[in-house]
>>> print(open('query03.cif').read())   # mmCIF, C-alpha atoms (C1' of nucleotides)
data_structure
#
loop_
_atom_site.label_atom_id
_atom_site.label_comp_id
_atom_site.auth_asym_id
_atom_site.auth_seq_id
_atom_site.Cartn_x
_atom_site.Cartn_y
_atom_site.Cartn_z
CA MET A 1 27.29 81.26 8.49
CA ALA A 2 26.15 81.91 12.01
CA ASP A 3 29.26 82.74 13.94
CA ASN A 4 28.38 81.10 17.19
CA TYR A 5 24.95 79.64 17.30
CA HIS A 6 23.74 77.07 14.81
CA HIS A 7 26.92 75.37 13.90
CA GLY A 8 25.25 73.97 10.83
CA ASN A 9 26.29 70.36 11.04
CA LEU A 10 27.22 69.84 14.63
CA ARG A 11 25.88 66.34 14.87
CA GLN A 12 28.21 64.99 12.22
CA ALA A 13 31.06 67.14 13.51
CA LEU A 14 30.66 65.60 16.95
CA ILE A 15 30.72 62.10 15.51
CA ASP A 16 33.85 62.86 13.50
CA ALA A 17 35.60 64.49 16.43
CA GLY A 18 34.71 61.53 18.63
CA LEU A 19 36.09 59.11 16.08
CA LYS A 20 39.26 61.13 15.85
CA ILE A 21 39.75 61.02 19.59
CA ILE A 22 39.28 57.27 19.58
CA ASN A 23 41.85 56.92 16.83
CA GLU A 24 44.32 59.19 18.53
CA SER A 25 44.06 58.18 22.16
CA GLY A 26 41.59 55.32 22.50
CA GLU A 27 38.05 55.15 23.74
CA GLU A 28 38.79 55.88 27.38
CA GLU A 29 39.86 59.37 26.37
CA LEU A 30 36.54 60.11 24.76
CA SER A 31 34.43 62.53 26.76
CA LEU A 32 31.46 64.61 25.80
CA ARG A 33 33.17 67.77 26.89
CA LYS A 34 36.31 67.13 24.89
CA VAL A 35 34.30 66.35 21.81
CA ALA A 36 32.32 69.52 22.30
CA ALA A 37 35.50 71.53 22.80
CA ARG A 38 36.98 70.17 19.59
CA CYS A 39 33.94 71.40 17.74
CA GLY A 40 34.20 74.79 19.37
CA VAL A 41 30.89 74.56 21.17
CA SER A 42 29.97 74.62 24.82
CA HIS A 43 30.13 71.50 26.92
CA ALA A 44 26.38 70.91 26.92
CA ALA A 45 25.83 71.49 23.23
CA PRO A 46 25.90 67.78 22.34
CA TYR A 47 22.72 67.32 24.36
CA ALA A 48 20.81 68.98 21.55
CA HIS A 49 21.73 66.05 19.31
CA PHE A 50 22.30 63.14 21.62
CA LYS A 51 20.29 62.17 24.64
CA ASP A 52 23.28 60.55 26.24
CA LYS A 53 26.96 59.91 25.98
CA ASN A 54 25.84 56.46 24.96
CA GLU A 55 23.85 57.81 22.08
CA LEU A 56 26.90 59.59 20.74
CA ILE A 57 28.90 56.40 21.11
CA GLU A 58 26.25 54.46 19.25
CA ALA A 59 26.33 57.01 16.47
CA ILE A 60 30.10 56.66 16.25
CA MET A 61 29.73 52.89 16.20
CA ASP A 62 27.30 53.19 13.32
CA SER A 63 29.82 55.34 11.54
CA VAL A 64 32.60 52.81 12.04
CA THR A 65 30.31 49.99 11.00
CA ASP A 66 29.53 51.87 7.81
CA LYS A 67 33.21 52.23 7.03
CA PHE A 68 33.72 48.57 7.81
CA MET A 69 30.83 47.50 5.62
CA SER A 70 32.00 49.48 2.64
CA VAL A 71 35.41 47.85 2.92
CA LEU A 72 33.82 44.42 3.12
CA GLU A 73 31.42 45.00 0.26
CA ASN A 74 34.25 46.29 -1.79
CA ALA A 75 36.29 43.17 -1.15
CA VAL A 76 33.39 40.97 -2.14
CA THR A 77 32.39 42.41 -5.46
CA ASP A 78 33.78 41.03 -8.69
CA LYS A 79 34.54 37.65 -7.20
CA PRO A 80 33.88 34.69 -9.49
CA ASN A 81 31.86 32.67 -6.99
CA ALA A 82 30.53 32.70 -3.46
CA ASP A 83 33.43 30.69 -2.06
CA ALA A 84 35.96 33.19 -3.30
CA ALA A 85 33.84 36.02 -1.96
CA ILE A 86 33.61 34.43 1.48
CA ILE A 87 37.37 34.00 1.62
CA ALA A 88 37.90 37.56 0.49
CA MET A 89 35.49 38.82 3.10
CA GLY A 90 37.15 36.81 5.84
CA ARG A 91 40.52 38.14 4.88
CA GLU A 92 39.28 41.70 4.85
CA TYR A 93 37.47 41.18 8.14
CA VAL A 94 40.68 40.25 9.88
CA THR A 95 42.78 42.78 8.04
CA PHE A 96 40.48 45.66 8.79
CA PHE A 97 40.69 45.15 12.52
CA HIS A 98 44.34 44.31 12.37
CA LYS A 99 44.91 47.71 10.82
CA ASN A 100 42.56 49.42 13.30
CA PRO A 101 42.74 47.56 16.58
CA ASP A 102 41.06 50.47 18.33
CA TYR A 103 37.97 49.89 16.26
CA PHE A 104 37.78 46.31 17.40
CA THR A 105 37.83 47.23 21.04
CA PHE A 106 35.41 50.01 20.40
CA LEU A 107 32.88 47.90 18.54
CA PHE A 108 33.09 44.73 20.58
CA GLY A 109 34.50 45.87 23.89
CA LYS A 110 31.27 46.85 25.49
CA GLN A 111 29.12 44.41 23.68
CA GLY A 112 25.37 44.48 23.68
CA ILE A 113 24.91 48.09 22.76
CA ARG A 114 24.81 47.71 19.05
CA VAL A 115 25.81 44.26 17.92
CA HIS A 116 22.84 42.01 17.65
CA LEU A 117 23.13 38.68 15.94
CA LYS A 118 20.08 36.59 15.53
CA MET A 119 20.58 33.47 13.52
CA ASN A 120 16.99 32.36 13.60
CA LYS A 121 13.83 33.22 11.79
CA GLU A 122 13.78 36.97 12.11
CA TYR A 123 16.10 38.26 9.47
CA LYS A 124 16.26 41.82 10.63
CA ASP A 125 18.24 43.99 13.03
CA ASP A 126 21.26 41.82 12.52
CA TYR A 127 24.83 43.02 12.49
CA PRO A 128 25.39 44.13 8.89
CA PRO A 129 28.65 42.24 8.35
CA PHE A 130 26.90 39.11 9.46
CA LEU A 131 24.07 39.75 7.05
CA LEU A 132 26.64 39.93 4.28
CA LEU A 133 28.20 36.66 5.36
CA ARG A 134 24.83 34.95 5.45
CA ARG A 135 24.00 36.25 2.01
CA LEU A 136 27.24 34.86 0.63
CA TYR A 137 26.75 31.59 2.44
CA LEU A 138 23.30 31.09 0.98
CA LYS A 139 24.73 31.90 -2.43
CA HIS A 140 27.38 29.27 -1.79
CA LEU A 141 24.75 26.65 -1.02
CA ASP A 142 22.85 27.62 -4.12
CA GLU A 143 25.87 27.55 -6.41
CA ASN A 144 26.89 24.11 -5.25
CA GLY A 145 23.40 22.69 -5.23
CA LEU A 146 23.62 21.94 -1.54
CA GLU A 147 20.63 21.51 0.68
CA LYS A 148 21.03 21.85 4.42
CA THR A 149 18.65 22.04 7.29
CA TYR A 150 18.26 25.33 9.01
CA GLU A 151 20.24 24.08 11.97
CA GLU A 152 23.10 22.88 9.82
CA GLN A 153 23.23 26.25 8.16
CA GLU A 154 23.38 27.99 11.45
CA ILE A 155 26.21 25.80 12.66
CA ASP A 156 28.15 26.48 9.49
CA LEU A 157 27.64 30.20 9.87
CA ILE A 158 28.72 30.22 13.47
CA LYS A 159 31.76 28.19 12.56
CA ILE A 160 32.83 30.60 9.85
CA TRP A 161 32.11 33.69 11.83
CA SER A 162 33.77 32.28 14.93
CA ILE A 163 37.04 31.60 13.26
CA VAL A 164 37.10 34.89 11.41
CA HIS A 165 36.09 36.93 14.38
CA GLY A 166 38.35 34.95 16.65
CA MET A 167 41.29 35.62 14.38
CA ALA A 168 40.46 39.28 14.30
CA SER A 169 40.39 39.17 18.07
CA ILE A 170 43.80 37.50 18.24
CA ALA A 171 45.21 39.86 15.65
CA CYS A 172 44.07 42.78 17.77
CA VAL A 173 45.42 41.63 21.09
CA LYS A 174 48.18 43.99 21.95
CA GLY A 175 51.51 42.37 22.41
CA ILE A 176 50.76 39.29 20.40
CA LYS A 177 53.38 38.22 17.95
CA THR A 178 52.82 35.42 15.53
CA SER A 179 54.45 34.25 12.37
CA VAL A 180 51.11 34.49 10.64
CA ASN A 181 50.82 37.13 8.00
CA TRP A 182 47.39 38.53 8.71
CA LYS A 183 47.15 39.77 5.19
CA ASN A 184 47.32 36.32 3.67
CA ILE A 185 44.86 33.85 5.05
CA ASP A 186 43.53 31.16 2.82
CA GLU A 187 43.65 27.56 3.85
CA ARG A 188 41.80 28.12 7.06
CA LEU A 189 38.56 29.52 5.74
CA LEU A 190 36.57 26.65 4.47
CA THR A 191 32.91 26.00 4.51
CA MET B 1 40.90 43.15 65.34
CA ALA B 2 41.64 46.80 64.86
CA ASP B 3 38.30 48.48 64.79
CA ASN B 4 39.06 51.11 62.22
CA TYR B 5 42.63 51.15 61.12
CA HIS B 6 44.39 48.12 59.74
CA HIS B 7 41.58 46.23 58.20
CA GLY B 8 43.73 43.12 58.14
CA ASN B 9 43.18 41.93 54.63
CA LEU B 10 41.95 44.93 52.78
CA ARG B 11 43.71 44.12 49.53
CA GLN B 12 41.83 40.87 49.06
CA ALA B 13 38.62 42.42 50.34
CA LEU B 14 38.87 45.12 47.70
CA ILE B 15 39.40 42.57 44.96
CA ASP B 16 36.43 40.54 46.13
CA ALA B 17 34.20 43.58 46.44
CA GLY B 18 35.20 44.71 42.99
CA LEU B 19 34.43 41.32 41.53
CA LYS B 20 31.06 41.37 43.24
CA ILE B 21 30.21 44.73 41.75
CA ILE B 22 31.16 43.50 38.29
CA ASN B 23 28.94 40.47 38.74
CA GLU B 24 26.05 42.48 40.05
CA SER B 25 26.07 45.52 37.83
CA GLY B 26 28.81 45.22 35.24
CA GLU B 27 32.20 46.80 34.94
CA GLU B 28 31.02 50.32 34.24
CA GLU B 29 29.63 50.44 37.76
CA LEU B 30 32.98 49.64 39.30
CA SER B 31 34.56 52.61 41.01
CA LEU B 32 37.31 52.88 43.55
CA ARG B 33 35.09 54.77 45.92
CA LYS B 34 32.28 52.24 45.80
CA VAL B 35 34.70 49.40 46.35
CA ALA B 36 36.18 51.23 49.29
CA ALA B 37 32.73 51.94 50.69
CA ARG B 38 31.78 48.27 50.49
CA CYS B 39 34.82 47.43 52.54
CA GLY B 40 33.96 50.07 55.08
CA VAL B 41 37.08 52.13 54.51
CA SER B 42 37.60 55.65 53.30
CA HIS B 43 37.64 56.39 49.62
CA ALA B 44 41.40 56.79 49.39
CA ALA B 45 42.26 53.67 51.33
CA PRO B 46 42.74 51.54 48.19
CA TYR B 47 45.72 53.69 47.30
CA ALA B 48 47.69 51.96 50.01
CA HIS B 49 47.40 48.73 48.03
CA PHE B 50 46.96 49.77 44.43
CA LYS B 51 48.76 52.51 42.62
CA ASP B 52 45.85 53.01 40.27
CA LYS B 53 42.33 52.06 39.47
CA ASN B 54 43.97 50.06 36.72
CA GLU B 55 46.06 48.15 39.18
CA LEU B 56 42.96 47.09 41.06
CA ILE B 57 41.34 46.06 37.79
CA GLU B 58 44.38 44.02 36.88
CA ALA B 59 44.27 42.30 40.24
CA ILE B 60 40.62 41.47 39.68
CA MET B 61 41.47 40.17 36.21
CA ASP B 62 44.08 37.92 37.73
CA SER B 63 41.50 36.67 40.15
CA VAL B 64 39.03 35.92 37.37
CA THR B 65 41.73 34.26 35.31
CA ASP B 66 42.56 32.05 38.27
CA LYS B 67 38.95 30.97 38.58
CA PHE B 68 38.85 30.38 34.85
CA MET B 69 42.00 28.33 34.88
CA SER B 70 40.87 26.11 37.68
CA VAL B 71 37.68 25.37 35.78
CA LEU B 72 39.66 24.56 32.64
CA GLU B 73 42.22 22.42 34.41
CA ASN B 74 39.43 20.59 36.10
CA ALA B 75 37.75 19.86 32.79
CA VAL B 76 40.99 18.56 31.35
CA THR B 77 42.07 16.08 33.99
CA ASP B 78 41.14 12.44 33.71
CA LYS B 79 40.69 12.55 29.97
CA PRO B 80 41.90 9.47 28.10
CA ASN B 81 43.94 11.37 25.49
CA ALA B 82 44.93 14.82 24.38
CA ASP B 83 42.21 15.08 21.76
CA ALA B 84 39.50 14.46 24.32
CA ALA B 85 41.13 16.95 26.64
CA ILE B 86 41.25 19.62 23.96
CA ILE B 87 37.60 19.14 23.17
CA ALA B 88 36.72 19.26 26.84
CA MET B 89 38.71 22.41 27.29
CA GLY B 90 37.08 24.05 24.30
CA ARG B 91 33.67 23.20 25.59
CA GLU B 92 34.45 24.56 29.02
CA TYR B 93 36.01 27.66 27.52
CA VAL B 94 32.79 28.54 25.76
CA THR B 95 30.57 27.43 28.58
CA PHE B 96 32.42 29.42 31.19
CA PHE B 97 31.95 32.69 29.38
CA HIS B 98 28.46 31.79 28.33
CA LYS B 99 27.61 31.43 31.98
CA ASN B 100 29.49 34.62 32.91
CA PRO B 101 29.26 37.00 29.97
CA ASP B 102 30.37 39.84 32.22
CA TYR B 103 33.69 38.12 32.68
CA PHE B 104 34.24 37.97 28.96
CA THR B 105 33.74 41.67 28.51
CA PHE B 106 35.82 42.34 31.54
CA LEU B 107 38.76 40.22 30.45
CA PHE B 108 38.77 40.99 26.75
CA GLY B 109 36.92 44.27 26.52
CA LYS B 110 39.84 46.50 27.16
CA GLN B 111 42.45 44.28 25.69
CA GLY B 112 46.12 44.80 26.07
CA ILE B 113 46.20 45.22 29.80
CA ARG B 114 46.71 41.67 30.79
CA VAL B 115 46.29 39.29 27.89
CA HIS B 116 49.55 38.62 26.15
CA LEU B 117 49.82 35.85 23.64
CA LYS B 118 53.13 35.13 22.08
CA MET B 119 53.19 32.13 19.85
CA ASN B 120 56.85 32.26 19.09
CA LYS B 121 60.03 31.28 20.81
CA GLU B 122 59.60 32.88 24.19
CA TYR B 123 57.38 30.59 26.14
CA LYS B 124 56.69 32.89 29.02
CA ASP B 125 54.25 35.59 30.04
CA ASP B 126 51.56 33.98 27.94
CA TYR B 127 47.90 33.95 28.76
CA PRO B 128 47.52 30.90 31.04
CA PRO B 129 44.57 29.33 29.19
CA PHE B 130 46.59 29.51 26.05
CA LEU B 131 49.53 27.84 27.73
CA LEU B 132 47.21 25.02 28.67
CA LEU B 133 45.99 24.69 25.11
CA ARG B 134 49.54 24.59 23.79
CA ARG B 135 50.49 21.96 26.29
CA LEU B 136 47.57 19.79 25.21
CA TYR B 137 48.30 20.41 21.57
CA LEU B 138 51.90 19.30 21.91
CA LYS B 139 50.69 16.24 23.76
CA HIS B 140 48.34 15.57 20.88
CA LEU B 141 51.20 15.73 18.38
CA ASP B 142 53.20 13.41 20.54
CA GLU B 143 50.43 10.89 21.05
CA ASN B 144 49.74 10.65 17.34
CA GLY B 145 53.38 10.61 16.32
CA LEU B 146 52.94 13.77 14.27
CA GLU B 147 55.77 16.05 13.35
CA LYS B 148 54.99 19.58 12.28
CA THR B 149 57.05 22.63 11.62
CA TYR B 150 56.90 25.41 14.11
CA GLU B 151 54.86 27.48 11.71
CA GLU B 152 52.33 24.72 11.13
CA GLN B 153 51.94 24.32 14.86
CA GLU B 154 51.31 27.96 15.27
CA ILE B 155 48.67 27.97 12.57
CA ASP B 156 46.95 25.02 14.16
CA LEU B 157 46.95 26.70 17.53
CA ILE B 158 45.57 29.93 16.17
CA LYS B 159 42.91 28.00 14.35
CA ILE B 160 41.78 26.19 17.47
CA TRP B 161 41.93 29.20 19.71
CA SER B 162 40.20 31.36 17.14
CA ILE B 163 37.19 29.17 16.80
CA VAL B 164 36.87 28.57 20.52
CA HIS B 165 37.36 32.18 21.45
CA GLY B 166 35.17 33.32 18.59
CA MET B 167 32.38 31.06 19.77
CA ALA B 168 32.76 32.36 23.27
CA SER B 169 32.49 35.83 21.83
CA ILE B 170 29.33 34.99 19.94
CA ALA B 171 27.88 33.21 22.91
CA CYS B 172 28.42 36.33 24.98
CA VAL B 173 26.96 38.88 22.63
CA LYS B 174 23.87 40.13 24.31
CA GLY B 175 20.72 39.57 22.34
CA ILE B 176 22.03 36.74 20.26
CA LYS B 177 19.79 33.78 19.87
CA THR B 178 20.91 30.63 18.15
CA SER B 179 19.70 27.09 18.05
CA VAL B 180 23.12 25.99 19.18
CA ASN B 181 23.31 24.47 22.59
CA TRP B 182 26.45 26.03 23.96
CA LYS B 183 26.81 23.21 26.39
CA ASN B 184 27.22 20.59 23.70
CA ILE B 185 29.87 21.32 21.15
CA ASP B 186 31.73 18.49 19.56
CA GLU B 187 31.96 18.22 15.83
CA ARG B 188 33.49 21.62 15.36
CA LEU B 189 36.60 21.25 17.44
CA LEU B 190 39.05 19.29 15.39
CA THR B 191 42.73 19.61 15.06
"C1'" DC C 1 59.82 53.60 75.71
"C1'" DT C 2 60.99 55.53 71.04
"C1'" DG C 3 60.62 56.04 66.51
"C1'" DC C 4 59.63 53.86 61.89
"C1'" DT C 5 56.57 52.43 58.58
"C1'" DA C 6 52.56 50.55 56.50
"C1'" DT C 7 47.88 51.47 56.67
"C1'" DC C 8 44.14 54.36 56.72
"C1'" DT C 9 41.57 59.20 56.99
"C1'" DT C 10 40.69 63.92 55.69
"C1'" DT C 11 40.83 67.48 52.65
"C1'" DA C 12 41.19 69.24 48.28
"C1'" DC C 13 41.01 69.62 43.25
"C1'" DA C 14 40.22 68.63 38.28
"C1'" DT C 15 37.44 65.99 35.10
"C1'" DT C 16 33.32 64.26 33.82
"C1'" DG C 17 28.09 63.33 32.80
"C1'" DT C 18 23.95 65.53 33.27
"C1'" DC C 19 20.28 68.77 34.25
"C1'" DA C 20 17.86 73.31 34.40
"C1'" DA C 21 17.31 77.76 32.90
"C1'" DG C 22 18.36 81.20 29.89
"C1'" DT C 23 19.76 82.93 24.81
"C1'" DT C 24 19.94 83.15 20.13
"C1'" DA C 25 18.74 82.48 15.46
"C1'" DC C 26 15.87 80.68 12.08
"C1'" DC C 27 11.14 79.47 10.27
"C1'" DA C 28 6.39 79.64 9.32
"C1'" DT C 29 2.38 82.27 9.80
"C1'" DC C 30 -0.26 86.29 10.20
"C1'" DG D 1 7.66 92.96 8.08
"C1'" DA D 2 6.32 91.83 12.84
"C1'" DT D 3 5.27 87.73 15.84
"C1'" DG D 4 5.65 83.70 18.10
"C1'" DG D 5 7.46 79.11 18.24
"C1'" DT D 6 11.08 75.96 18.21
"C1'" DA D 7 15.49 73.95 17.56
"C1'" DA D 8 20.26 74.85 18.59
"C1'" DC D 9 23.33 76.55 21.70
"C1'" DT D 10 25.27 78.76 26.32
"C1'" DT D 11 25.79 79.32 31.23
"C1'" DG D 12 25.70 77.69 35.71
"C1'" DA D 13 25.22 74.19 38.82
"C1'" DC D 14 25.63 69.56 41.03
"C1'" DA D 15 27.07 64.88 42.12
"C1'" DA D 16 30.28 61.18 41.15
"C1'" DT D 17 34.74 60.00 40.27
"C1'" DG D 18 40.12 59.49 40.15
"C1'" DT D 19 43.86 61.12 42.39
"C1'" DA D 20 47.24 63.73 45.07
"C1'" DA D 21 48.89 65.70 49.59
"C1'" DA D 22 49.06 65.84 54.34
"C1'" DG D 23 47.90 64.09 58.61
"C1'" DA D 24 46.51 60.28 62.03
"C1'" DT D 25 46.90 55.59 63.89
"C1'" DA D 26 48.68 51.34 65.14
"C1'" DG D 27 51.79 47.78 65.36
"C1'" DC D 28 56.55 46.38 65.42
"C1'" DA D 29 61.76 46.69 65.86
"C1'" DG D 30 65.23 48.36 68.46
#
>>> encode(input="query03.cif", output="structure tokens")
Amino acid sequence: MADNYHHGNLRQALIDAGLKIINESGEEELSLRKVAARCGVSHAAPYAHFKDKNELIEAIMDSVTDKFMSVLENAVTDKPNADAAIIAMGREYVTFFHKNPDYFTFLFGKQGIRVHLKMNKEYKDDYPPFLLLRRLYLKHLDENGLEKTYEEQEIDLIKIWSIVHGMASIACVKGIKTSVNWKNIDERLLT
Amino acid sequence: MADNYHHGNLRQALIDAGLKIINESGEEELSLRKVAARCGVSHAAPYAHFKDKNELIEAIMDSVTDKFMSVLENAVTDKPNADAAIIAMGREYVTFFHKNPDYFTFLFGKQGIRVHLKMNKEYKDDYPPFLLLRRLYLKHLDENGLEKTYEEQEIDLIKIWSIVHGMASIACVKGIKTSVNWKNIDERLLT
DNA sequence: CTGCTATCTTTACATTGTCAAGTTACCATC
DNA sequence: GATGGTAACTTGACAATGTAAAGATAGCAG
């Protein structure tokens, strides 16, 4: 309905088109005008939904993060205990970005826009995947009857996240070739 | 000499000016024309020295990598054994990027341009910091009389580099606040 | 002195982000 | 149903940018 004006769901269409461009040709090819063209609207139409190019990018990041989270949550459910869940999550974390290296660059390339990790008191506005990891970690402590100081917990979390994220980073570096099968990582994810 | 034409050392001046801009206002502010303006030359002058904007960026990356390497090599010399050297290198690795988060984004944000890690047979064209790490790691094996298969070595190296690079990544994420003192990291760098 | 070549300038053009002003369609209210 | 308001979209414009083409300059080899 509405042949020209009032696209109906332009906002989402712009996000999807942007994501598609990133998948096809990388982030540097993403421009407001191209995205608008793909949706069949004029070059300034996006400004009705996004204040900025940055705001569109943030929306796309949210979209990718949602996809990522659903993959992670999926990998975590139905695991016997927290340890198994953490390993499964770590494996999926690396695998996800290994399968979509563009997403890694996109999410973490220009850091600071969306990714906020705060390990201390305030438990909000964190990066969702990290929230999941912390949840599993606390479950792990609980299941094994462990008691750790807040600082020890934080160090553990950083350690886990560092190695997982670092591996994802390595797995995404173009041109790297290792004998590691990024779909089978076990022995090196230990709390 | 040469008031207008023949700047004398424009290539290096462009690299330095570019680096300065990145330090002052981040990579997104870097443009060929601004760099040229800072050097007092016309906006197309850089094309006599660099084929592309990318080629200038790569030159700047090389420059940063050189700085980085000299810091690392400095941290590594005069250490009693390989283990101490590895720990020192890891600490400096994180600290360097913690002090210059812009460099981290710059070097690893758009990956694939310059950073090539190859863990297998061909020992050339690697990322210099990684070459250093491998050198120290092999020294470590030697010093402790350890013998490992090639695959085990590779896994060890990835493990070490992952955690160090991952920490650097965390330490650089804007907005993160942890109780970890990024200038004192010991217990979590073990081969 | 002559010409070659690397270096730099000028001019030009397409792409892009962004703004301002106008248009259109829908919605609530009279 | 007419009316006005507002959100969604278009058109036109501008500055910044990357880049190509053509010309100018200077130093150097012969």
>>> closest_atom_pairs(input="query03.cif", of="chain C", to="chain A", cutoff="10 Å", atoms="all atoms listed in the file", output="Markdown table")
| residue | atom | partner | partner_atom | distance |
| --- | --- | --- | --- | --- |
| C:DT15 | C1' | A:Arg33 | CA | 9.4 |
| C:DT16 | C1' | A:Ser31 | CA | 7.4 |
| C:DG17 | C1' | A:Lys53 | CA | 7.7 |
| C:DT18 | C1' | A:Asp52 | CA | 8.6 |
| C:DC19 | C1' | A:Ala44 | CA | 9.8 |
| C:DT23 | C1' | A:Tyr5 | CA | 9.7 |
| C:DT24 | C1' | A:Tyr5 | CA | 6.7 |
| C:DA25 | C1' | A:Tyr5 | CA | 7.1 |
| C:DC26 | C1' | A:His6 | CA | 9.1 |
>>> resolve_selection(input="query03.cif", expression="the PyMOL selection byres ((chain D and resi 5) around 12)", output="JSON, numbers by chain")
{"C": [26, 27, 28, 29], "D": [3, 4, 6, 7]}
>>> resolve_selection(input="query03.cif", expression="the PyMOL selection byres ((chain D) within 12 of (chain A))", output="JSON, numbers by chain")
{"D": [7, 8, 9, 10, 11, 12]}
>>> write_last_selection(input="query03.cif", atoms="C-alpha atoms (C1' of nucleotides)", output="mmCIF file, in the frame of the given file")
data_model
loop_
_atom_site.group_PDB
_atom_site.id
_atom_site.type_symbol
_atom_site.label_atom_id
_atom_site.label_comp_id
_atom_site.auth_asym_id
_atom_site.auth_seq_id
_atom_site.Cartn_x
_atom_site.Cartn_y
_atom_site.Cartn_z
ATOM 1 C "C1'" DA D 7 15.490 73.950 17.560
ATOM 2 C "C1'" DA D 8 20.260 74.850 18.590
ATOM 3 C "C1'" DC D 9 23.330 76.550 21.700
ATOM 4 C "C1'" DT D 10 25.270 78.760 26.320
ATOM 5 C "C1'" DT D 11 25.790 79.320 31.230
ATOM 6 C "C1'" DG D 12 25.700 77.690 35.710
#
>>> resolve_selection(input="query03.cif", expression="the PyMOL selection byres ((chain A and resi 14) around 8)", output="PyMOL selection string")
chain A and resi 10-13+15-18+35-36+39+46
>>> atom_distance(input="query03.cif", atom1="atom CA of Asp78 of chain A", atom2="atom CA of Ile163 of chain B")
28.3 Å
>>> atom_distance(input="query03.cif", atom1="atom C1' of DT9 of chain C", atom2="atom C1' of DC28 of chain D")
21.4 Å
>>> atom_distance(input="query03.cif", atom1="atom CA of Phe104 of chain A", atom2="atom CA of Lys139 of chain A")
27.8 Å
>>> residues_near_point(input="query03.cif", point="(46.2, 21.0, 22.8)", cutoff="8 Å", atoms="all atoms listed in the file", output="list in words")
Ala82, Asp83, Ala85, Ile86, Leu132, Leu133, Arg134, Arg135, Leu136, Tyr137, Leu138, Lys139, His140 and Leu157 of chain B
>>> write_last_selection(input="query03.cif", atoms="C-alpha atoms", output="compact mmCIF listing (two decimals), in the coordinates of the input")
# COMPACT_ATOMS: atom_id res chain seq x y z
CA ALA B 82 44.93 14.82 24.38
CA ASP B 83 42.21 15.08 21.76
CA ALA B 85 41.13 16.95 26.64
CA ILE B 86 41.25 19.62 23.96
CA LEU B 132 47.21 25.02 28.67
CA LEU B 133 45.99 24.69 25.11
CA ARG B 134 49.54 24.59 23.79
CA ARG B 135 50.49 21.96 26.29
CA LEU B 136 47.57 19.79 25.21
CA TYR B 137 48.30 20.41 21.57
CA LEU B 138 51.90 19.30 21.91
CA LYS B 139 50.69 16.24 23.76
CA HIS B 140 48.34 15.57 20.88
CA LEU B 157 46.95 26.70 17.53
